[in-house]
file data-v2.txt (compact mmCIF, C-alpha atoms)
# COMPACT_ATOMS: atom_id res chain seq x y z
CA MET A 1 -62.92 -208.68 29.46
CA GLN A 2 -59.14 -208.76 29.83
CA ALA A 3 -58.87 -205.31 28.26
CA GLN A 4 -61.39 -203.96 30.78
CA LEU A 5 -59.40 -205.51 33.63
CA TRP A 6 -56.20 -203.88 32.42
CA THR A 7 -58.03 -200.57 32.06
CA PHE A 8 -59.33 -200.86 35.62
CA LEU A 9 -55.82 -201.67 36.93
CA ILE A 10 -53.73 -199.21 34.92
CA THR A 11 -55.96 -196.12 34.96
CA PRO A 12 -55.85 -195.64 38.77
CA VAL A 13 -52.06 -196.15 38.79
CA VAL A 14 -51.60 -193.59 36.01
CA GLY A 15 -54.01 -191.22 37.78
CA GLY A 16 -52.13 -191.59 41.04
CA LEU A 17 -48.80 -190.98 39.31
CA ILE A 18 -50.15 -187.90 37.55
CA GLY A 19 -51.58 -186.53 40.81
CA TRP A 20 -48.32 -187.16 42.65
CA VAL A 21 -46.11 -185.57 39.96
CA THR A 22 -48.51 -182.63 39.58
CA ASN A 23 -48.36 -181.80 43.29
CA ILE A 24 -44.58 -182.19 43.35
CA LEU A 25 -44.30 -179.71 40.47
CA ALA A 26 -46.76 -177.36 42.19
CA ILE A 27 -44.68 -177.40 45.38
CA LYS A 28 -41.46 -176.90 43.41
CA MET A 29 -42.98 -173.89 41.65
CA ILE A 30 -43.50 -172.21 45.02
CA PHE A 31 -39.72 -171.76 45.10
CA HIS A 32 -38.55 -172.22 41.49
CA PRO A 33 -37.51 -170.81 39.16
CA ARG A 34 -35.78 -168.25 41.36
CA GLU A 35 -35.36 -165.90 38.42
CA PRO A 36 -38.15 -165.25 35.88
CA ILE A 37 -37.93 -167.34 32.73
CA ARG A 38 -39.78 -166.25 29.60
CA ILE A 39 -41.71 -168.92 27.72
CA PRO A 40 -40.48 -168.87 24.12
CA LEU A 41 -42.78 -167.20 21.59
CA THR A 42 -45.11 -165.96 24.35
CA PRO A 43 -45.28 -162.84 26.53
CA TRP A 44 -45.55 -165.00 29.68
CA LYS A 45 -42.87 -165.63 32.26
CA ILE A 46 -42.49 -168.43 34.78
CA HIS A 47 -41.35 -167.28 38.20
CA GLY A 48 -41.47 -169.06 41.55
CA LEU A 49 -44.20 -167.79 43.86
CA LEU A 50 -41.89 -167.11 46.81
CA PRO A 51 -39.16 -165.28 44.85
CA LYS A 52 -41.77 -163.26 42.96
CA ARG A 53 -43.81 -162.28 46.02
CA LYS A 54 -40.97 -162.02 48.55
CA ALA A 55 -41.41 -158.27 49.09
CA GLU A 56 -45.18 -158.62 49.51
CA LEU A 57 -44.68 -161.54 51.90
CA ALA A 58 -42.20 -159.47 53.94
CA ARG A 59 -44.66 -156.56 54.21
CA SER A 60 -47.53 -158.86 55.17
CA VAL A 61 -45.54 -160.71 57.84
CA GLY A 62 -44.13 -157.45 59.22
CA LYS A 63 -47.60 -155.93 59.46
CA THR A 64 -49.05 -159.03 61.11
CA VAL A 65 -46.24 -159.21 63.68
CA SER A 66 -46.41 -155.51 64.57
CA GLN A 67 -50.20 -155.24 64.74
CA GLU A 68 -51.31 -158.63 66.04
CA LEU A 69 -48.42 -160.68 67.43
CA LEU A 70 -46.09 -158.12 69.03
CA PRO A 71 -47.72 -154.69 69.32
CA MET A 72 -45.08 -152.39 70.79
CA ASP A 73 -47.31 -150.98 73.54
CA GLN A 74 -48.21 -154.48 74.73
CA LEU A 75 -44.60 -155.59 74.45
CA LEU A 76 -43.45 -152.74 76.69
CA GLU A 77 -46.08 -153.65 79.27
CA GLN A 78 -44.24 -156.94 79.80
CA PHE A 79 -41.16 -155.14 81.13
CA ASP A 80 -40.92 -154.85 84.89
CA TYR A 81 -40.10 -151.14 85.14
CA ALA A 82 -40.33 -151.18 88.93
CA SER A 83 -37.59 -153.79 89.11
CA TYR A 84 -35.39 -151.89 86.64
CA LYS A 85 -35.95 -148.68 88.57
CA LYS A 86 -34.86 -150.29 91.84
CA ASP A 87 -31.73 -151.66 90.20
CA ILE A 88 -30.84 -148.25 88.74
CA ILE A 89 -31.39 -146.44 92.03
CA ARG A 90 -29.42 -149.08 93.91
CA THR A 91 -26.51 -148.69 91.49
CA VAL A 92 -26.58 -144.89 91.68
CA LEU A 93 -26.71 -144.88 95.48
CA SER A 94 -23.84 -147.34 95.68
CA HIS A 95 -21.75 -145.19 93.35
CA VAL A 96 -22.55 -141.96 95.25
CA ASP A 97 -21.82 -143.55 98.63
CA HIS A 98 -18.50 -144.84 97.32
CA ARG A 99 -17.53 -141.41 96.00
CA LEU A 100 -18.53 -139.68 99.23
CA THR A 101 -16.53 -142.16 101.28
CA ASN A 102 -13.42 -141.46 99.23
CA THR A 103 -13.81 -137.69 98.81
CA LEU A 104 -15.03 -136.40 102.17
CA PRO A 105 -12.15 -134.79 104.11
CA LYS A 106 -10.57 -137.06 106.66
CA PHE A 107 -10.78 -134.45 109.39
CA ILE A 108 -14.58 -134.77 109.42
CA PRO A 109 -15.56 -137.14 112.24
CA ALA A 110 -16.63 -140.59 111.17
CA ASN A 111 -20.09 -140.16 112.71
CA LEU A 112 -20.64 -136.91 110.80
CA ARG A 113 -19.40 -138.47 107.57
CA HIS A 114 -21.87 -141.30 108.11
CA ILE A 115 -24.73 -138.82 108.72
CA LEU A 116 -23.81 -136.89 105.55
CA ARG A 117 -23.70 -140.05 103.49
CA GLU A 118 -27.08 -141.16 104.85
CA PHE A 119 -28.59 -137.71 104.18
CA VAL A 120 -27.29 -137.56 100.60
CA SER A 121 -28.33 -141.15 99.88
CA ASP A 122 -31.82 -140.52 101.25
CA LEU A 123 -32.15 -137.31 99.24
CA ILE A 124 -30.94 -138.94 96.02
CA GLY A 125 -33.20 -141.95 96.60
CA LYS A 126 -36.30 -139.74 96.83
CA GLU A 127 -35.38 -137.51 93.90
CA ALA A 128 -34.17 -140.37 91.72
CA ASN A 129 -37.45 -142.21 92.17
CA GLN A 130 -39.45 -139.29 90.76
CA LEU A 131 -36.91 -138.54 88.03
CA LEU A 132 -36.83 -142.14 86.88
CA ASP A 133 -40.62 -142.30 86.72
CA LYS A 134 -40.57 -139.35 84.34
CA ALA A 135 -37.57 -140.64 82.40
CA LEU A 136 -38.96 -144.16 81.95
CA GLY A 137 -42.32 -142.73 80.85
CA LYS A 138 -40.59 -140.60 78.20
CA ILE A 139 -38.44 -143.52 77.11
CA LYS A 140 -41.53 -145.69 76.71
CA GLU A 141 -43.23 -143.02 74.59
CA LYS A 142 -40.10 -142.61 72.49
CA VAL A 143 -39.75 -146.36 71.94
CA VAL A 144 -43.39 -146.64 70.84
CA GLU A 145 -42.91 -143.74 68.42
CA GLU A 146 -39.51 -144.67 67.00
CA VAL A 147 -39.16 -148.47 67.12
CA ASP A 148 -40.95 -149.83 64.06
CA ILE A 149 -41.31 -153.60 64.46
CA GLU A 150 -43.07 -153.86 61.11
CA THR A 151 -40.10 -152.37 59.26
CA ILE A 152 -37.59 -154.41 61.26
CA VAL A 153 -39.34 -157.70 60.43
CA GLU A 154 -39.84 -156.69 56.80
CA ASP A 155 -36.17 -155.75 56.39
CA GLN A 156 -35.04 -158.99 58.02
CA ILE A 157 -37.13 -161.10 55.63
CA LEU A 158 -35.99 -159.07 52.61
CA SER A 159 -32.37 -159.51 53.68
CA LEU A 160 -32.73 -163.30 53.71
CA ASP A 161 -31.25 -165.04 50.70
CA ILE A 162 -33.99 -166.82 48.75
CA VAL A 163 -32.19 -170.13 49.23
CA ARG A 164 -32.16 -169.57 52.98
CA LEU A 165 -35.82 -168.54 52.94
CA GLU A 166 -36.72 -171.67 50.99
CA GLY A 167 -34.82 -173.76 53.53
CA LEU A 168 -36.73 -172.15 56.40
CA VAL A 169 -40.12 -172.77 54.78
CA ILE A 170 -39.31 -176.37 53.90
CA GLY A 171 -37.86 -176.97 57.37
CA ILE A 172 -41.06 -175.74 58.99
CA ALA A 173 -43.57 -177.35 56.61
CA LYS A 174 -41.65 -180.42 55.44
CA ASN A 175 -44.21 -182.92 56.73
CA GLU A 176 -47.16 -180.91 55.42
CA LEU A 177 -45.58 -180.62 51.97
CA ARG A 178 -44.99 -184.37 51.94
CA HIS A 179 -48.63 -184.93 52.86
CA ILE A 180 -49.70 -182.74 49.93
CA GLU A 181 -47.64 -184.88 47.57
CA VAL A 182 -49.17 -188.10 48.94
CA LEU A 183 -52.65 -186.58 48.86
CA GLY A 184 -52.18 -185.80 45.16
CA ALA A 185 -51.31 -189.44 44.50
CA VAL A 186 -54.28 -190.69 46.54
CA LEU A 187 -56.77 -188.35 44.85
CA GLY A 188 -55.37 -189.22 41.43
CA PHE A 189 -55.69 -192.93 42.23
CA VAL A 190 -59.30 -192.56 43.41
CA ILE A 191 -60.22 -190.48 40.36
CA GLY A 192 -58.52 -193.08 38.19
CA ILE A 193 -60.68 -195.82 39.75
CA LEU A 194 -63.84 -193.80 39.13
CA GLN A 195 -62.78 -193.04 35.58
CA ALA A 196 -61.96 -196.67 34.85
CA ALA A 197 -65.27 -197.81 36.32
CA LEU A 198 -67.13 -195.25 34.24
CA MET A 199 -65.31 -196.38 31.08
CA ILE A 200 -66.21 -200.01 31.76
CA VAL A 201 -69.85 -199.17 32.42
CA LEU A 202 -70.14 -197.08 29.27
CA ALA A 203 -68.24 -199.55 27.09
call {"tool": "encode", "arguments": {"input": "data-v2.txt", "output": "structure tokens"}}
result
Amino acid sequence: MQAQLWTFLITPVVGGLIGWVTNILAIKMIFHPREPIRIPLTPWKIHGLLPKRKAELARSVGKTVSQELLPMDQLLEQFDYASYKKDIIRTVLSHVDHRLTNTLPKFIPANLRHILREFVSDLIGKEANQLLDKALGKIKEKVVEEVDIETIVEDQILSLDIVRLEGLVIGIAKNELRHIEVLGAVLGFVIGILQAALMIVLA
């Protein structure tokens, strides 16, 4: 009877410990070993999941970001081109007016100089509006064609040191990883109870 009691008490504890240690090792093997290590006398190597699949992870994240999270055409739609256009035209007109003020001959009457400045500013304002519409449209097309968000994200991830990448992942999922460890202990404990009960019943 005493042996059965010890079995019922120890087996769940051992099961919980095994489950906890197993999940800790599983989490560690996501990041370690950082370099492949060959198992002696076998053709197999041990290599951390993240270091081994870093390039594949970078491609997958880059593709997801570019196609689903930040498609370039949708990203460009967020820019207020009308506001930018007004700022550009305002800057150009201010510059032209300043140059005209300083370069027009002094012998020209002030009223005439004012009329000339108004005429030129009005002309530039109308022409610049049309030119900027065309220019901004071409720029938008060129950005969509040439800016490759997928490659940018992929290159950024590949450039990260594996230690830094590990730190980022752990920083983001620290609580979840801790829960996985605890869950392993809980499941191991419950399985240990069931196993001990089964052993007692069958004894």
call {"tool": "residues_around", "arguments": {"input": "data-v2.txt", "residues": "Leu75 of chain A", "least_positions_apart": "2", "cutoff": "12 Å", "atoms": "all atoms listed in the file", "output": "number ranges by chain"}}
result
A: 65-73, 77-80, 140, 143-144, 147, 149
call {"tool": "closest_atom_pairs", "arguments": {"input": "data-v2.txt", "of": "segment 45-100 of chain A", "to": "segment 153-168 of chain A", "cutoff": "8 Å", "atoms": "all atoms listed in the file", "output": "tab-separated table"}}
result
residue	atom	partner	partner_atom	distance
A:Pro51	CA	A:Ile162	CA	6.7
A:Lys54	CA	A:Leu158	CA	7.1
A:Ala55	CA	A:Leu158	CA	6.5
A:Ala58	CA	A:Glu154	CA	4.6
A:Arg59	CA	A:Glu154	CA	5.5
A:Val61	CA	A:Glu154	CA	7.1
A:Gly62	CA	A:Val153	CA	4.9
A:Val65	CA	A:Val153	CA	7.8
call {"tool": "atom_distance", "arguments": {"input": "data-v2.txt", "atom1": "atom CA of Glu127 of chain A", "atom2": "atom CA of Leu112 of chain A"}}
result
22.4 Å
call {"tool": "atom_distance", "arguments": {"input": "data-v2.txt", "atom1": "atom CA of Ser94 of chain A", "atom2": "atom CA of Leu132 of chain A"}}
result
16.5 Å
call {"tool": "closest_residue", "arguments": {"input": "data-v2.txt", "among": "A:Gly48, A:Gly16, A:Pro43, A:Gly188", "to": "Met29 of chain A", "atoms": "all atoms listed in the file"}}
result
A:Gly48
call {"tool": "closest_residue", "arguments": {"input": "data-v2.txt", "among": "A:Leu194, A:Leu50, A:Ile180, A:Leu17", "to": "Pro33 of chain A", "atoms": "all atoms listed in the file"}}
result
A:Leu50
call {"tool": "closest_residue", "arguments": {"input": "data-v2.txt", "among": "A:Arg178, A:Arg38, A:Lys134, A:His98", "to": "Lys85 of chain A", "atoms": "all atoms listed in the file"}}
result
A:Lys134
call {"tool": "atom_distance", "arguments": {"input": "data-v2.txt", "atom1": "atom CA of Val169 of chain A", "atom2": "atom CA of Arg53 of chain A"}}
result
14.2 Å
call {"tool": "residues_near_point", "arguments": {"input": "data-v2.txt", "point": "(-54.8, -185.0, 42.9)", "cutoff": "10 Å", "atoms": "only C-alpha atoms", "output": "ChimeraX atom specification"}}
result
/A:15-23,180-191
call {"tool": "closest_residue", "arguments": {"input": "data-v2.txt", "among": "A:Ile24, A:Ile152, A:Val13, A:Ile89", "to": "Leu131 of chain A", "atoms": "all atoms listed in the file"}}
result
A:Ile89
call {"tool": "decode", "arguments": {"input": "data-v2.txt", "residues": "segment 13-48 of chain A", "atoms": "N, CA and C atoms", "output": "mmCIF file, in the first residue's frame"}}
result
data_model
loop_
_atom_site.group_PDB
_atom_site.id
_atom_site.type_symbol
_atom_site.label_atom_id
_atom_site.label_comp_id
_atom_site.auth_asym_id
_atom_site.auth_seq_id
_atom_site.Cartn_x
_atom_site.Cartn_y
_atom_site.Cartn_z
ATOM 1 N N VAL A 13 5.138 13.855 -10.300
ATOM 2 C CA VAL A 13 6.217 14.837 -10.162
ATOM 3 C C VAL A 13 7.276 14.608 -11.232
ATOM 4 N N VAL A 14 7.649 13.342 -11.412
ATOM 5 C CA VAL A 14 8.637 13.009 -12.445
ATOM 6 C C VAL A 14 8.102 13.363 -13.830
ATOM 7 N N GLY A 15 6.821 13.056 -14.065
ATOM 8 C CA GLY A 15 6.206 13.388 -15.351
ATOM 9 C C GLY A 15 6.191 14.884 -15.605
ATOM 10 N N GLY A 16 5.856 15.641 -14.556
ATOM 11 C CA GLY A 16 5.853 17.099 -14.698
ATOM 12 C C GLY A 16 7.239 17.643 -14.970
ATOM 13 N N LEU A 17 8.237 17.080 -14.280
ATOM 14 C CA LEU A 17 9.625 17.521 -14.489
ATOM 15 C C LEU A 17 10.087 17.206 -15.904
ATOM 16 N N ILE A 18 9.749 15.991 -16.358
ATOM 17 C CA ILE A 18 10.133 15.605 -17.725
ATOM 18 C C ILE A 18 9.463 16.520 -18.751
ATOM 19 N N GLY A 19 8.170 16.790 -18.561
ATOM 20 C CA GLY A 19 7.458 17.668 -19.498
ATOM 21 C C GLY A 19 8.031 19.072 -19.518
ATOM 22 N N TRP A 20 8.388 19.574 -18.343
ATOM 23 C CA TRP A 20 8.955 20.921 -18.239
ATOM 24 C C TRP A 20 10.317 21.003 -18.927
ATOM 25 N N VAL A 21 11.199 20.044 -18.605
ATOM 26 C CA VAL A 21 12.549 20.023 -19.193
ATOM 27 C C VAL A 21 12.472 19.816 -20.705
ATOM 28 N N THR A 22 11.565 18.941 -21.140
ATOM 29 C CA THR A 22 11.424 18.672 -22.577
ATOM 30 C C THR A 22 11.036 19.937 -23.340
ATOM 31 N N ASN A 23 10.087 20.694 -22.811
ATOM 32 C CA ASN A 23 9.666 21.920 -23.493
ATOM 33 C C ASN A 23 10.743 22.993 -23.451
ATOM 34 N N ILE A 24 11.497 23.039 -22.343
ATOM 35 C CA ILE A 24 12.613 23.990 -22.281
ATOM 36 C C ILE A 24 13.641 23.678 -23.374
ATOM 37 N N LEU A 25 13.981 22.384 -23.498
ATOM 38 C CA LEU A 25 14.932 21.974 -24.528
ATOM 39 C C LEU A 25 14.389 22.264 -25.933
ATOM 40 N N ALA A 26 13.083 22.025 -26.114
ATOM 41 C CA ALA A 26 12.479 22.279 -27.429
ATOM 42 C C ALA A 26 12.559 23.758 -27.792
ATOM 43 N N ILE A 27 12.311 24.625 -26.807
ATOM 44 C CA ILE A 27 12.396 26.068 -27.047
ATOM 45 C C ILE A 27 13.837 26.481 -27.314
ATOM 46 N N LYS A 28 14.775 25.912 -26.539
ATOM 47 C CA LYS A 28 16.191 26.227 -26.747
ATOM 48 C C LYS A 28 16.643 25.823 -28.147
ATOM 49 N N MET A 29 16.120 24.697 -28.637
ATOM 50 C CA MET A 29 16.543 24.208 -29.947
ATOM 51 C C MET A 29 15.960 25.020 -31.098
ATOM 52 N N ILE A 30 15.048 25.937 -30.792
ATOM 53 C CA ILE A 30 14.613 26.887 -31.825
ATOM 54 C C ILE A 30 15.781 27.789 -32.205
ATOM 55 N N PHE A 31 16.625 28.107 -31.224
ATOM 56 C CA PHE A 31 17.719 29.059 -31.432
ATOM 57 C C PHE A 31 19.110 28.425 -31.395
ATOM 58 N N HIS A 32 19.240 27.253 -30.785
ATOM 59 C CA HIS A 32 20.554 26.642 -30.587
ATOM 60 C C HIS A 32 20.531 25.189 -31.064
ATOM 61 N N PRO A 33 21.698 24.683 -31.482
ATOM 62 C CA PRO A 33 22.973 25.398 -31.646
ATOM 63 C C PRO A 33 22.945 26.319 -32.863
ATOM 64 N N ARG A 34 23.677 27.413 -32.759
ATOM 65 C CA ARG A 34 23.680 28.400 -33.840
ATOM 66 C C ARG A 34 24.437 27.901 -35.066
ATOM 67 N N GLU A 35 25.397 27.037 -34.839
ATOM 68 C CA GLU A 35 26.125 26.396 -35.932
ATOM 69 C C GLU A 35 25.836 24.900 -35.893
ATOM 70 N N PRO A 36 25.720 24.258 -37.067
ATOM 71 C CA PRO A 36 25.395 22.821 -37.080
ATOM 72 C C PRO A 36 26.458 21.988 -36.384
ATOM 73 N N ILE A 37 25.991 21.034 -35.598
ATOM 74 C CA ILE A 37 26.884 20.126 -34.881
ATOM 75 C C ILE A 37 26.549 18.689 -35.311
ATOM 76 N N ARG A 38 27.564 17.986 -35.801
ATOM 77 C CA ARG A 38 27.341 16.607 -36.235
ATOM 78 C C ARG A 38 27.319 15.666 -35.037
ATOM 79 N N ILE A 39 26.323 14.759 -35.030
ATOM 80 C CA ILE A 39 26.260 13.745 -33.987
ATOM 81 C C ILE A 39 27.299 12.675 -34.303
ATOM 82 N N PRO A 40 28.195 12.398 -33.367
ATOM 83 C CA PRO A 40 29.257 11.418 -33.630
ATOM 84 C C PRO A 40 28.722 10.074 -34.122
ATOM 85 N N LEU A 41 29.419 9.521 -35.106
ATOM 86 C CA LEU A 41 29.128 8.201 -35.672
ATOM 87 C C LEU A 41 27.799 8.139 -36.417
ATOM 88 N N THR A 42 27.232 9.302 -36.727
ATOM 89 C CA THR A 42 25.975 9.348 -37.497
ATOM 90 C C THR A 42 26.096 10.418 -38.578
ATOM 91 N N PRO A 43 25.264 10.325 -39.616
ATOM 92 C CA PRO A 43 25.274 11.361 -40.658
ATOM 93 C C PRO A 43 24.425 12.584 -40.303
ATOM 94 N N TRP A 44 23.820 12.589 -39.114
ATOM 95 C CA TRP A 44 22.883 13.640 -38.734
ATOM 96 C C TRP A 44 23.598 14.806 -38.072
ATOM 97 N N LYS A 45 22.991 15.980 -38.256
ATOM 98 C CA LYS A 45 23.500 17.194 -37.622
ATOM 99 C C LYS A 45 22.393 17.833 -36.793
ATOM 100 N N ILE A 46 22.787 18.471 -35.718
ATOM 101 C CA ILE A 46 21.844 19.249 -34.901
ATOM 102 C C ILE A 46 22.082 20.720 -35.201
ATOM 103 N N HIS A 47 21.010 21.411 -35.562
ATOM 104 C CA HIS A 47 21.118 22.826 -35.905
ATOM 105 C C HIS A 47 19.840 23.523 -35.458
ATOM 106 N N GLY A 48 19.976 24.639 -34.768
ATOM 107 C CA GLY A 48 18.809 25.391 -34.321
ATOM 108 C C GLY A 48 17.883 25.747 -35.465
#
